[in-house]
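> So I've got this file, start26.cif, and it contains mmCIF, C-alpha atoms:
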data_data
loop_
_atom_site.label_atom_id
_atom_site.label_comp_id
_atom_site.auth_asym_id
_atom_site.auth_seq_id
_atom_site.Cartn_x
_atom_site.Cartn_y
_atom_site.Cartn_z
CA MET A 1 107.71 65.39 148.73
CA ARG A 2 108.29 62.08 146.98
CA ASP A 3 107.51 60.16 150.14
CA ALA A 4 104.34 62.18 150.81
CA VAL A 5 103.07 61.41 147.31
CA ARG A 6 103.90 57.72 147.60
CA GLN A 7 102.21 57.44 150.98
CA ALA A 8 99.17 59.28 149.60
CA THR A 9 99.04 56.87 146.65
CA LEU A 10 99.08 53.85 149.00
CA ALA A 11 96.38 55.43 151.18
CA GLU A 12 94.21 56.19 148.13
CA LEU A 13 94.66 52.63 146.82
CA LEU A 14 93.58 51.37 150.23
CA ASP A 15 90.49 53.61 150.28
CA ARG A 16 89.37 53.43 146.66
CA GLY A 17 91.31 50.69 144.86
CA TYR A 18 93.00 51.04 141.49
CA THR A 19 89.96 52.11 139.52
CA GLY A 20 89.33 54.96 141.99
CA LEU A 21 92.89 56.30 141.92
CA THR A 22 93.20 59.83 140.51
CA VAL A 23 96.02 62.34 140.40
CA GLU A 24 93.63 64.91 141.91
CA ASN A 25 92.98 62.81 145.02
CA VAL A 26 96.63 61.95 145.52
CA ALA A 27 97.55 65.63 145.13
CA GLU A 28 94.95 66.70 147.65
CA ARG A 29 95.88 64.03 150.20
CA SER A 30 99.63 64.61 149.88
CA GLY A 31 99.39 68.41 149.89
CA VAL A 32 101.47 68.52 146.70
CA HIS A 33 100.10 70.66 143.89
CA LYS A 34 98.30 68.75 141.14
CA THR A 35 100.43 70.20 138.34
CA THR A 36 103.57 69.14 140.20
CA VAL A 37 102.24 65.58 140.54
CA TYR A 38 101.43 65.51 136.81
CA ARG A 39 104.84 66.93 135.91
CA ARG A 40 106.89 64.56 138.11
CA TRP A 41 104.79 61.37 138.03
CA GLY A 42 103.00 61.72 134.68
CA GLY A 43 99.72 60.22 135.88
CA VAL A 44 98.26 57.31 137.81
CA GLU A 45 100.60 54.82 136.07
CA GLY A 46 103.64 56.71 137.34
CA LEU A 47 102.14 56.99 140.83
CA ILE A 48 101.54 53.25 140.98
CA SER A 49 105.00 52.37 139.70
CA ASP A 50 106.60 54.64 142.28
CA ALA A 51 104.46 53.26 145.12
CA LEU A 52 105.38 49.73 144.04
CA GLU A 53 109.04 50.63 144.21
CA LEU A 54 108.45 51.75 147.79
CA ALA A 55 106.66 48.48 148.57
CA GLY A 56 109.60 46.56 147.08
CA ASP A 57 111.96 48.31 149.49
CA GLU A 58 109.95 47.11 152.49
CA PRO A 59 111.82 44.36 154.29
CA TRP A 60 110.21 41.00 153.64
CA PRO A 61 110.70 38.81 156.70
CA ILE A 62 112.10 35.61 155.16
CA PRO A 63 111.44 32.83 157.67
CA ASP A 64 114.32 30.82 159.11
CA THR A 65 112.76 27.83 160.87
CA GLY A 66 115.67 25.45 160.43
CA SER A 67 113.97 23.28 157.82
CA VAL A 68 113.08 23.94 154.19
CA GLU A 69 109.56 22.60 154.80
CA GLY A 70 108.97 25.15 157.58
CA ASP A 71 110.57 27.98 155.63
CA LEU A 72 108.54 27.36 152.46
CA ARG A 73 105.32 27.04 154.43
CA GLY A 74 106.25 30.28 156.20
CA ILE A 75 106.68 32.12 152.89
CA VAL A 76 103.39 30.90 151.45
CA GLN A 77 101.57 31.74 154.69
CA LEU A 78 103.08 35.25 154.54
CA VAL A 79 101.57 35.68 151.07
CA ARG A 80 98.20 34.36 152.22
CA THR A 81 97.99 36.46 155.38
CA GLY A 82 99.28 39.52 153.51
CA PHE A 83 96.27 39.49 151.19
CA ASP A 84 94.02 38.83 154.19
CA ASP A 85 95.38 41.88 156.00
CA PRO A 86 92.82 44.74 156.09
CA GLU A 87 95.48 47.36 155.24
CA LEU A 88 97.99 45.50 153.10
CA GLY A 89 95.53 43.25 151.27
CA PRO A 90 93.55 45.86 149.31
CA VAL A 91 96.73 47.75 148.34
CA SER A 92 98.46 44.57 147.14
CA SER A 93 95.36 43.55 145.20
CA ALA A 94 95.23 47.02 143.66
CA PHE A 95 98.80 46.58 142.41
CA VAL A 96 97.92 43.24 140.79
CA ALA A 97 94.83 44.78 139.19
CA ALA A 98 96.72 47.86 137.99
CA ALA A 99 99.39 45.69 136.36
CA MET A 100 96.71 43.85 134.42
CA GLN A 101 95.42 47.12 132.94
CA ASN A 102 98.57 49.01 132.45
CA PRO A 103 101.95 48.11 130.86
CA SER A 104 103.93 50.51 133.04
CA ALA A 105 102.40 49.10 136.25
CA ALA A 106 103.07 45.60 134.84
CA ARG A 107 106.75 46.41 134.43
CA ALA A 108 106.93 47.80 137.96
CA LEU A 109 105.18 44.74 139.40
CA HIS A 110 107.49 42.47 137.41
CA GLU A 111 110.51 44.19 138.95
CA PHE A 112 108.91 43.84 142.37
CA PHE A 113 108.58 40.08 141.86
CA VAL A 114 112.10 39.72 140.47
CA ALA A 115 113.33 41.13 143.80
CA ARG A 116 110.83 39.11 145.81
CA HIS A 117 111.82 35.82 144.12
CA GLU A 118 115.50 36.61 144.63
CA GLN A 119 114.96 37.29 148.36
CA SER A 120 112.70 34.30 148.94
CA ALA A 121 115.01 31.91 147.11
CA GLU A 122 117.36 32.30 150.08
CA VAL A 123 115.37 29.62 151.94
CA VAL A 124 115.97 27.20 149.06
CA ARG A 125 119.68 28.07 148.90
CA ARG A 126 119.91 27.35 152.63
CA ALA A 127 118.19 24.00 152.03
CA VAL A 128 120.79 23.17 149.38
CA ALA A 129 123.58 24.15 151.79
CA ARG A 130 122.07 21.87 154.45
CA GLY A 131 121.84 19.02 151.96
CA GLU A 132 118.02 18.99 152.00
CA LEU A 133 117.80 19.63 148.26
CA PRO A 134 120.19 18.89 145.38
CA ASP A 135 122.31 21.82 144.20
CA VAL A 136 120.92 21.57 140.67
CA VAL A 137 117.50 22.81 141.84
CA ASP A 138 116.14 26.01 140.23
CA VAL A 139 115.81 27.96 143.48
CA LYS A 140 113.44 30.64 142.13
CA GLU A 141 111.22 28.10 140.41
CA VAL A 142 110.65 26.41 143.77
CA ILE A 143 109.39 29.76 145.10
CA ARG A 144 107.12 30.36 142.07
CA VAL A 145 105.58 26.89 142.30
CA ALA A 146 105.09 27.30 146.07
CA VAL A 147 103.27 30.64 145.96
CA ALA A 148 101.44 30.27 142.62
CA PRO A 149 98.41 28.31 143.92
CA VAL A 150 97.64 31.06 146.44
CA TYR A 151 97.63 33.76 143.75
CA TYR A 152 95.71 31.47 141.41
CA ARG A 153 92.93 30.99 143.97
CA LEU A 154 92.80 34.69 144.85
CA PHE A 155 93.06 36.37 141.47
CA VAL A 156 92.06 33.81 138.85
CA ALA A 157 89.65 31.20 140.22
CA HIS A 158 88.34 33.56 142.96
CA GLU A 159 88.29 30.88 145.62
CA PRO A 160 89.05 31.25 149.33
CA VAL A 161 92.56 30.26 150.48
CA THR A 162 92.75 28.33 153.75
CA GLU A 163 95.83 27.87 155.90
CA ARG A 164 95.86 24.24 154.79
CA ASP A 165 95.70 25.24 151.10
CA ALA A 166 98.80 27.38 151.63
CA ASP A 167 100.68 24.60 153.44
CA ARG A 168 99.79 22.13 150.70
CA ALA A 169 101.10 24.52 148.04
CA ALA A 170 104.42 24.81 149.88
CA ASP A 171 104.62 21.05 150.40
CA ALA A 172 103.83 20.44 146.72
CA ALA A 173 106.72 22.66 145.59
CA LEU A 174 109.07 20.88 147.98
CA ALA A 175 107.95 17.42 146.83
CA ALA A 176 108.49 18.49 143.21
CA ALA A 177 111.95 19.85 144.03
CA ARG A 178 112.86 16.61 145.80
CA ALA A 179 111.60 14.58 142.84
CA GLY A 180 114.02 16.50 140.60
CA VAL A 181 111.38 18.09 138.34
CA LEU A 182 112.34 21.65 139.33
CA ASP A 183 116.00 21.37 138.41
CA GLY A 184 117.62 24.22 136.50
CA VAL A 185 118.82 23.93 132.94
CA MET B 1 69.49 38.50 120.24
CA ARG B 2 71.28 37.09 123.26
CA ASP B 3 73.87 35.41 121.08
CA ALA B 4 74.44 38.58 119.02
CA VAL B 5 75.09 40.57 122.18
CA ARG B 6 77.43 37.93 123.60
CA GLN B 7 79.40 37.70 120.35
CA ALA B 8 79.60 41.49 120.21
CA THR B 9 80.89 41.57 123.79
CA LEU B 10 83.64 39.05 122.95
CA ALA B 11 84.57 41.00 119.81
CA GLU B 12 84.71 44.27 121.76
CA LEU B 13 86.86 42.65 124.47
CA LEU B 14 89.20 41.44 121.74
CA ASP B 15 89.43 44.89 120.15
CA ARG B 16 89.49 47.13 123.23
CA GLY B 17 90.01 44.99 126.34
CA TYR B 18 87.99 45.27 129.52
CA THR B 19 88.66 48.94 130.21
CA GLY B 20 87.39 49.87 126.72
CA LEU B 21 84.16 47.86 126.98
CA THR B 22 81.02 50.01 126.86
CA VAL B 23 77.32 49.22 126.51
CA GLU B 24 77.18 51.71 123.63
CA ASN B 25 79.80 49.88 121.57
CA VAL B 26 78.30 46.46 122.24
CA ALA B 27 74.85 47.79 121.26
CA GLU B 28 76.17 49.28 118.04
CA ARG B 29 78.15 46.17 117.06
CA SER B 30 75.32 43.76 117.86
CA GLY B 31 72.59 45.87 116.28
CA VAL B 32 70.56 45.64 119.50
CA HIS B 33 69.22 48.93 120.85
CA LYS B 34 71.22 50.44 123.70
CA THR B 35 68.23 50.73 126.04
CA THR B 36 67.47 47.03 125.45
CA VAL B 37 71.06 46.09 126.34
CA TYR B 38 70.84 48.19 129.52
CA ARG B 39 67.48 46.67 130.45
CA ARG B 40 68.45 43.04 129.86
CA TRP B 41 72.15 43.04 130.82
CA GLY B 42 72.31 45.93 133.28
CA GLY B 43 75.73 47.17 132.15
CA VAL B 44 79.24 45.99 131.34
CA GLU B 45 79.30 43.66 134.37
CA GLY B 46 76.27 41.80 133.07
CA LEU B 47 77.69 41.67 129.56
CA ILE B 48 80.93 40.16 130.83
CA SER B 49 79.18 37.60 133.03
CA ASP B 50 77.01 36.50 130.13
CA ALA B 51 79.95 36.24 127.73
CA LEU B 52 81.84 34.21 130.32
CA GLU B 53 78.93 31.81 130.55
CA LEU B 54 79.18 31.37 126.79
CA ALA B 55 82.93 30.75 127.07
CA GLY B 56 82.26 28.15 129.79
CA ASP B 57 79.98 26.25 127.41
CA GLU B 58 82.74 25.94 124.81
CA PRO B 59 84.06 22.37 124.74
CA TRP B 60 87.48 22.16 126.36
CA PRO B 61 89.44 19.41 124.64
CA ILE B 62 90.69 17.36 127.60
CA PRO B 63 93.72 15.41 126.39
CA ASP B 64 93.77 11.62 126.51
CA THR B 65 97.36 10.57 125.85
CA GLY B 66 97.27 7.33 127.82
CA SER B 67 99.44 8.61 130.69
CA VAL B 68 98.76 11.10 133.45
CA GLU B 69 102.05 12.84 132.72
CA GLY B 70 101.06 13.43 129.09
CA ASP B 71 97.52 14.47 130.01
CA LEU B 72 98.60 16.98 132.66
CA ARG B 73 101.24 18.46 130.37
CA GLY B 74 98.56 18.67 127.67
CA ILE B 75 96.22 20.63 129.94
CA VAL B 76 98.89 23.09 131.04
CA GLN B 77 100.04 23.57 127.45
CA LEU B 78 96.41 24.28 126.45
CA VAL B 79 96.31 27.05 129.05
CA ARG B 80 99.63 28.48 127.88
CA THR B 81 98.82 28.39 124.16
CA GLY B 82 95.31 29.73 124.84
CA PHE B 83 96.72 32.95 126.29
CA ASP B 84 99.23 33.09 123.43
CA ASP B 85 96.45 32.86 120.84
CA PRO B 86 95.89 36.23 119.09
CA GLU B 87 92.07 35.90 119.30
CA LEU B 88 91.50 33.93 122.48
CA GLY B 89 94.36 35.40 124.54
CA PRO B 90 93.18 39.02 124.79
CA VAL B 91 89.60 37.97 125.55
CA SER B 92 90.69 35.53 128.26
CA SER B 93 92.98 38.15 129.77
CA ALA B 94 90.11 40.65 129.69
CA PHE B 95 87.98 38.23 131.73
CA VAL B 96 90.72 37.86 134.35
CA ALA B 97 91.14 41.65 134.51
CA ALA B 98 87.39 42.28 134.68
CA ALA B 99 87.03 39.82 137.58
CA MET B 100 89.66 41.73 139.54
CA GLN B 101 87.68 44.96 139.23
CA ASN B 102 84.18 43.74 139.53
CA PRO B 103 82.46 41.35 141.99
CA SER B 104 79.87 40.17 139.47
CA ALA B 105 82.55 39.30 136.90
CA ALA B 106 84.50 37.59 139.72
CA ARG B 107 81.51 35.38 140.51
CA ALA B 108 81.09 34.51 136.84
CA LEU B 109 84.79 33.69 136.46
CA HIS B 110 84.67 31.60 139.64
CA GLU B 111 81.81 29.54 138.16
CA PHE B 112 83.78 29.20 134.95
CA PHE B 113 86.73 27.74 136.88
CA VAL B 114 84.53 25.46 138.99
CA ALA B 115 83.39 23.88 135.70
CA ARG B 116 86.89 23.93 134.22
CA HIS B 117 88.43 22.20 137.28
CA GLU B 118 85.67 19.61 137.26
CA GLN B 119 86.24 18.82 133.57
CA SER B 120 90.04 18.78 133.80
CA ALA B 121 90.03 16.57 136.89
CA GLU B 122 88.89 13.77 134.58
CA VAL B 123 92.54 13.16 133.59
CA VAL B 124 93.41 12.65 137.27
CA ARG B 125 90.42 10.35 137.81
CA ARG B 126 91.60 8.28 134.85
CA ALA B 127 95.08 8.13 136.40
CA VAL B 128 93.56 6.83 139.63
CA ALA B 129 91.58 4.23 137.65
CA ARG B 130 94.81 3.12 135.91
CA GLY B 131 96.59 2.87 139.26
CA GLU B 132 98.98 5.73 138.44
CA LEU B 133 97.87 7.76 141.46
CA PRO B 134 96.37 6.76 144.81
CA ASP B 135 92.59 7.11 145.10
CA VAL B 136 92.91 9.48 148.08
CA VAL B 137 94.32 12.23 145.82
CA ASP B 138 92.40 15.53 145.65
CA VAL B 139 91.79 15.45 141.89
CA LYS B 140 90.94 19.16 141.50
CA GLU B 141 93.88 20.26 143.62
CA VAL B 142 96.23 18.45 141.21
CA ILE B 143 94.73 20.56 138.40
CA ARG B 144 95.05 23.81 140.38
CA VAL B 145 98.69 23.14 141.27
CA ALA B 146 99.46 22.17 137.65
CA VAL B 147 98.03 25.30 136.01
CA ALA B 148 98.75 27.86 138.75
CA PRO B 149 102.38 28.63 137.79
CA VAL B 150 101.29 29.58 134.25
CA TYR B 151 98.68 32.06 135.54
CA TYR B 152 101.14 33.32 138.15
CA ARG B 153 103.74 34.13 135.52
CA LEU B 154 101.20 35.74 133.18
CA PHE B 155 99.06 37.79 135.56
CA VAL B 156 101.09 38.31 138.74
CA ALA B 157 104.84 38.26 138.08
CA HIS B 158 104.42 39.33 134.41
CA GLU B 159 107.03 36.91 133.14
CA PRO B 160 107.06 35.00 129.84
CA VAL B 161 105.88 31.37 129.95
CA THR B 162 107.89 28.92 127.88
CA GLU B 163 106.79 25.47 126.78
CA ARG B 164 109.28 24.05 129.26
CA ASP B 165 107.86 26.20 132.10
CA ALA B 166 104.43 24.72 131.39
CA ASP B 167 105.75 21.14 131.30
CA ARG B 168 107.60 21.69 134.57
CA ALA B 169 104.43 22.99 136.22
CA ALA B 170 102.55 19.86 135.15
CA ASP B 171 105.39 17.60 136.26
CA ALA B 172 105.57 19.39 139.62
CA ALA B 173 101.87 18.78 140.32
CA LEU B 174 102.27 15.13 139.40
CA ALA B 175 105.35 14.69 141.61
CA ALA B 176 103.45 16.31 144.49
CA ALA B 177 100.45 14.04 143.94
CA ARG B 178 102.72 10.99 143.86
CA ALA B 179 104.43 12.10 147.06
CA GLY B 180 101.01 12.19 148.76
CA VAL B 181 100.98 15.90 149.60
CA LEU B 182 97.88 16.58 147.44
CA ASP B 183 95.64 14.04 149.13
CA GLY B 184 92.08 15.04 150.00
CA VAL B 185 90.84 15.45 153.56
#
Translate this structure into structure tokens?

Amino acid sequence: MRDAVRQATLAELLDRGYTGLTVENVAERSGVHKTTVYRRWGGVEGLISDALELAGDEPWPIPDTGSVEGDLRGIVQLVRTGFDDPELGPVSSAFVAAAMQNPSAARALHEFFVARHEQSAEVVRRAVARGELPDVVDVKEVIRVAVAPVYYRLFVAHEPVTERDADRAADAALAAARAGVLDGV
Amino acid sequence: MRDAVRQATLAELLDRGYTGLTVENVAERSGVHKTTVYRRWGGVEGLISDALELAGDEPWPIPDTGSVEGDLRGIVQLVRTGFDDPELGPVSSAFVAAAMQNPSAARALHEFFVARHEQSAEVVRRAVARGELPDVVDVKEVIRVAVAPVYYRLFVAHEPVTERDADRAADAALAAARAGVLDGV
């Protein structure tokens, strides 16, 4: 039942976005009774948090190109193409929007990104192991700086994001890491 | 009348956020009749776009510290402290949230950032004039890369932003510009 409700939530987010998400529609689509959905998930906030947890469990294909430049570019391109994807994009955007409106969705999205940063930082740890970056580098900060310009264009400045924009963002984070400005405390 | 309605919209955004914004409340607070607000502004989307235009006209105190490092740090700290401000923060956050829900607010916010990038890029142009950065640098991209990590923490990963985080973001953009990875086409 939990999986049916989570899948129905994702499908509803895809069809109607965050502002169109209702317990009634999720109940109808999942075949689970409305009162059960209310009792177990509490409301749309609970549905979104649970769906986000599911999204966080999805394997995230960390690139392994042999160089930190290629790996970082790969990660930023994954973010860019993910939001461009006709299925994944609207759902991911709905999560970002929901978290802006709702403290419980914000906490769930925060947890999602804690896990995502931890996973992605693997490419920076590998770079340190290969001697491409100094071991004092803040591995998660390199990831944040690399992906941030893509999110900034999409959700703040509302500008298009080209493949070159994404590569430049990755290269900028790497140049900063090499210059020693992203070292840890 | 236009100014009364715009001020009322900002005050309502401060009190209730984007999801609580209604034409009725703005009409009541501004003393302008509801049907007039509907006729001239169309609805909450129009109210937000108009208020954003007002916000875009506010002078943005571009720092002039004598060095590009100080200027860029100054700009990123302005962004950080702006969202921390008890009056300005909630209104600015409401604009970002509104733009995620609403194409007309997104266009208005985009225009706001076009102007903001153009103004802020002045510190990079000065750096080029002083010989601190090469003249091939993409001046607006330096600004985007500098501020993006602050917005990413606030509105995507939902993490706190420290003064040091903001300085590091500015320093990272500068290191990238110096390394030549933020050059224009």
> Please write out chain B, superposed on chain A by least squares over all C-alpha atoms matched in order, as a CSV table (one decimal) with C-alpha atoms, keeping the file's coordinate frame.

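The new file superposed_7.csv reads:
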chain,number,residue,atom,x,y,z
B,1,MET,CA,107.7,65.4,148.7
B,2,ARG,CA,108.3,62.1,147.0
B,3,ASP,CA,107.5,60.2,150.1
B,4,ALA,CA,104.3,62.2,150.8
B,5,VAL,CA,103.1,61.4,147.3
B,6,ARG,CA,103.9,57.7,147.6
B,7,GLN,CA,102.2,57.5,151.0
B,8,ALA,CA,99.2,59.3,149.6
B,9,THR,CA,99.0,56.9,146.7
B,10,LEU,CA,99.1,53.9,149.0
B,11,ALA,CA,96.4,55.4,151.2
B,12,GLU,CA,94.2,56.2,148.1
B,13,LEU,CA,94.7,52.6,146.8
B,14,LEU,CA,93.6,51.4,150.2
B,15,ASP,CA,90.5,53.6,150.3
B,16,ARG,CA,89.4,53.4,146.6
B,17,GLY,CA,91.3,50.7,144.9
B,18,TYR,CA,93.0,51.0,141.5
B,19,THR,CA,90.0,52.1,139.5
B,20,GLY,CA,89.3,55.0,142.0
B,21,LEU,CA,92.9,56.3,141.9
B,22,THR,CA,93.2,59.8,140.5
B,23,VAL,CA,96.0,62.4,140.4
B,24,GLU,CA,93.6,64.9,141.9
B,25,ASN,CA,93.0,62.8,145.0
B,26,VAL,CA,96.6,62.0,145.5
B,27,ALA,CA,97.5,65.7,145.1
B,28,GLU,CA,94.9,66.7,147.6
B,29,ARG,CA,95.9,64.1,150.2
B,30,SER,CA,99.6,64.6,149.9
B,31,GLY,CA,99.4,68.4,149.9
B,32,VAL,CA,101.5,68.5,146.7
B,33,HIS,CA,100.1,70.7,143.9
B,34,LYS,CA,98.3,68.8,141.1
B,35,THR,CA,100.4,70.2,138.3
B,36,THR,CA,103.5,69.2,140.2
B,37,VAL,CA,102.2,65.6,140.5
B,38,TYR,CA,101.4,65.5,136.8
B,39,ARG,CA,104.8,66.9,135.9
B,40,ARG,CA,106.9,64.6,138.1
B,41,TRP,CA,104.8,61.4,138.0
B,42,GLY,CA,103.0,61.7,134.7
B,43,GLY,CA,99.7,60.2,135.9
B,44,VAL,CA,98.3,57.3,137.8
B,45,GLU,CA,100.6,54.8,136.1
B,46,GLY,CA,103.6,56.7,137.4
B,47,LEU,CA,102.1,57.0,140.8
B,48,ILE,CA,101.5,53.3,141.0
B,49,SER,CA,105.0,52.4,139.7
B,50,ASP,CA,106.6,54.7,142.3
B,51,ALA,CA,104.5,53.3,145.1
B,52,LEU,CA,105.4,49.8,144.0
B,53,GLU,CA,109.0,50.7,144.2
B,54,LEU,CA,108.4,51.8,147.8
B,55,ALA,CA,106.6,48.5,148.6
B,56,GLY,CA,109.6,46.6,147.1
B,57,ASP,CA,112.0,48.3,149.5
B,58,GLU,CA,109.9,47.1,152.5
B,59,PRO,CA,111.8,44.3,154.3
B,60,TRP,CA,110.2,41.0,153.7
B,61,PRO,CA,110.7,38.8,156.7
B,62,ILE,CA,112.1,35.6,155.2
B,63,PRO,CA,111.5,32.8,157.7
B,64,ASP,CA,114.3,30.8,159.1
B,65,THR,CA,112.8,27.8,160.9
B,66,GLY,CA,115.7,25.4,160.4
B,67,SER,CA,114.0,23.3,157.8
B,68,VAL,CA,113.1,23.9,154.2
B,69,GLU,CA,109.6,22.6,154.8
B,70,GLY,CA,109.0,25.1,157.6
B,71,ASP,CA,110.6,28.0,155.6
B,72,LEU,CA,108.5,27.3,152.5
B,73,ARG,CA,105.3,27.0,154.4
B,74,GLY,CA,106.3,30.3,156.2
B,75,ILE,CA,106.7,32.1,152.9
B,76,VAL,CA,103.4,30.9,151.5
B,77,GLN,CA,101.6,31.7,154.7
B,78,LEU,CA,103.1,35.3,154.5
B,79,VAL,CA,101.6,35.7,151.1
B,80,ARG,CA,98.2,34.4,152.2
B,81,THR,CA,98.0,36.4,155.4
B,82,GLY,CA,99.3,39.5,153.5
B,83,PHE,CA,96.3,39.5,151.2
B,84,ASP,CA,94.0,38.8,154.2
B,85,ASP,CA,95.4,41.9,156.0
B,86,PRO,CA,92.8,44.7,156.1
B,87,GLU,CA,95.5,47.4,155.3
B,88,LEU,CA,98.0,45.5,153.1
B,89,GLY,CA,95.5,43.2,151.3
B,90,PRO,CA,93.6,45.9,149.3
B,91,VAL,CA,96.7,47.7,148.3
B,92,SER,CA,98.5,44.6,147.2
B,93,SER,CA,95.4,43.5,145.2
B,94,ALA,CA,95.2,47.0,143.7
B,95,PHE,CA,98.8,46.6,142.4
B,96,VAL,CA,97.9,43.2,140.8
B,97,ALA,CA,94.8,44.8,139.2
B,98,ALA,CA,96.7,47.9,138.0
B,99,ALA,CA,99.4,45.7,136.4
B,100,MET,CA,96.7,43.9,134.4
B,101,GLN,CA,95.4,47.1,132.9
B,102,ASN,CA,98.6,49.1,132.4
B,103,PRO,CA,102.0,48.1,130.9
B,104,SER,CA,104.0,50.5,133.1
B,105,ALA,CA,102.4,49.1,136.3
B,106,ALA,CA,103.1,45.6,134.9
B,107,ARG,CA,106.8,46.4,134.4
B,108,ALA,CA,106.9,47.8,138.0
B,109,LEU,CA,105.2,44.7,139.4
B,110,HIS,CA,107.5,42.5,137.4
B,111,GLU,CA,110.5,44.2,139.0
B,112,PHE,CA,108.9,43.8,142.4
B,113,PHE,CA,108.6,40.1,141.9
B,114,VAL,CA,112.1,39.7,140.5
B,115,ALA,CA,113.3,41.1,143.8
B,116,ARG,CA,110.8,39.1,145.8
B,117,HIS,CA,111.8,35.8,144.1
B,118,GLU,CA,115.5,36.6,144.6
B,119,GLN,CA,115.0,37.3,148.4
B,120,SER,CA,112.7,34.3,148.9
B,121,ALA,CA,115.0,31.9,147.1
B,122,GLU,CA,117.4,32.3,150.1
B,123,VAL,CA,115.4,29.6,151.9
B,124,VAL,CA,116.0,27.2,149.1
B,125,ARG,CA,119.7,28.1,148.9
B,126,ARG,CA,119.9,27.3,152.6
B,127,ALA,CA,118.2,24.0,152.0
B,128,VAL,CA,120.8,23.2,149.4
B,129,ALA,CA,123.6,24.1,151.8
B,130,ARG,CA,122.1,21.8,154.5
B,131,GLY,CA,121.8,19.0,151.9
B,132,GLU,CA,118.0,19.0,152.0
B,133,LEU,CA,117.8,19.6,148.3
B,134,PRO,CA,120.2,18.9,145.4
B,135,ASP,CA,122.3,21.8,144.2
B,136,VAL,CA,120.9,21.5,140.6
B,137,VAL,CA,117.5,22.8,141.8
B,138,ASP,CA,116.1,26.0,140.2
B,139,VAL,CA,115.8,28.0,143.5
B,140,LYS,CA,113.4,30.6,142.1
B,141,GLU,CA,111.2,28.1,140.4
B,142,VAL,CA,110.6,26.4,143.8
B,143,ILE,CA,109.4,29.7,145.1
B,144,ARG,CA,107.1,30.3,142.1
B,145,VAL,CA,105.6,26.9,142.3
B,146,ALA,CA,105.1,27.3,146.1
B,147,VAL,CA,103.3,30.6,146.0
B,148,ALA,CA,101.4,30.3,142.6
B,149,PRO,CA,98.4,28.3,143.9
B,150,VAL,CA,97.6,31.1,146.4
B,151,TYR,CA,97.6,33.8,143.7
B,152,TYR,CA,95.7,31.5,141.4
B,153,ARG,CA,92.9,31.0,144.0
B,154,LEU,CA,92.8,34.7,144.9
B,155,PHE,CA,93.1,36.4,141.5
B,156,VAL,CA,92.1,33.8,138.8
B,157,ALA,CA,89.7,31.2,140.2
B,158,HIS,CA,88.4,33.6,143.0
B,159,GLU,CA,88.3,30.9,145.6
B,160,PRO,CA,89.1,31.2,149.3
B,161,VAL,CA,92.6,30.2,150.5
B,162,THR,CA,92.8,28.3,153.7
B,163,GLU,CA,95.8,27.9,155.9
B,164,ARG,CA,95.9,24.2,154.8
B,165,ASP,CA,95.7,25.2,151.1
B,166,ALA,CA,98.8,27.4,151.6
B,167,ASP,CA,100.7,24.6,153.4
B,168,ARG,CA,99.8,22.1,150.7
B,169,ALA,CA,101.1,24.5,148.0
B,170,ALA,CA,104.4,24.8,149.9
B,171,ASP,CA,104.6,21.0,150.4
B,172,ALA,CA,103.8,20.4,146.7
B,173,ALA,CA,106.7,22.6,145.6
B,174,LEU,CA,109.1,20.9,148.0
B,175,ALA,CA,107.9,17.4,146.8
B,176,ALA,CA,108.5,18.5,143.2
B,177,ALA,CA,111.9,19.8,144.0
B,178,ARG,CA,112.8,16.6,145.8
B,179,ALA,CA,111.6,14.6,142.8
B,180,GLY,CA,114.0,16.5,140.6
B,181,VAL,CA,111.4,18.1,138.3
B,182,LEU,CA,112.3,21.6,139.3
B,183,ASP,CA,116.0,21.4,138.4
B,184,GLY,CA,117.6,24.2,136.5
B,185,VAL,CA,118.8,23.9,132.9
> For chain A, which residues have at least one atom within 9 Å of chain B, if we go by all atoms listed in the file? Write them as a PyMOL selection string, please.
chain A and resi 17-19+93-94+96-97+99-101+106-107+109-114+144-153+155-159+168-169+171-182
> Run the PyMOL selection byres ((chain B and resi 87) around 10) against the file shown and list the residues it catches, as a list in words.
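Selected by the PyMOL selection byres ((chain B and resi 87) around 10) in this file: Leu10, Ala11, Leu13, Leu14, Asp15, Gly82, Phe83, Asp84, Asp85, Pro86, Leu88, Gly89, Pro90, Val91 and Ser92 of chain B.
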> Now that the selection is made, can you save its residues with C-alpha atoms as a CSV table (one decimal), keeping the file's coordinate frame?

chain,number,residue,atom,x,y,z
B,10,LEU,CA,83.6,39.0,123.0
B,11,ALA,CA,84.6,41.0,119.8
B,13,LEU,CA,86.9,42.6,124.5
B,14,LEU,CA,89.2,41.4,121.7
B,15,ASP,CA,89.4,44.9,120.2
B,82,GLY,CA,95.3,29.7,124.8
B,83,PHE,CA,96.7,33.0,126.3
B,84,ASP,CA,99.2,33.1,123.4
B,85,ASP,CA,96.4,32.9,120.8
B,86,PRO,CA,95.9,36.2,119.1
B,88,LEU,CA,91.5,33.9,122.5
B,89,GLY,CA,94.4,35.4,124.5
B,90,PRO,CA,93.2,39.0,124.8
B,91,VAL,CA,89.6,38.0,125.6
B,92,SER,CA,90.7,35.5,128.3
> Using all atoms listed in the file, which protein or nucleic acid residues come within 9 Å of Ser67 of chain B? Drop anything in the same chain fewer than 5 positions from it, and give the result as a compact mmCIF listing (two decimals) with C-alpha atoms, keeping the file's coordinate frame.

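Written output follows (around-v3.txt):
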# COMPACT_ATOMS: atom_id res chain seq x y z
CA LEU B 72 98.60 16.98 132.66
CA VAL B 123 92.54 13.16 133.59
CA ARG B 126 91.60 8.28 134.85
CA ALA B 127 95.08 8.13 136.40
CA ARG B 130 94.81 3.12 135.91
CA GLU B 132 98.98 5.73 138.44
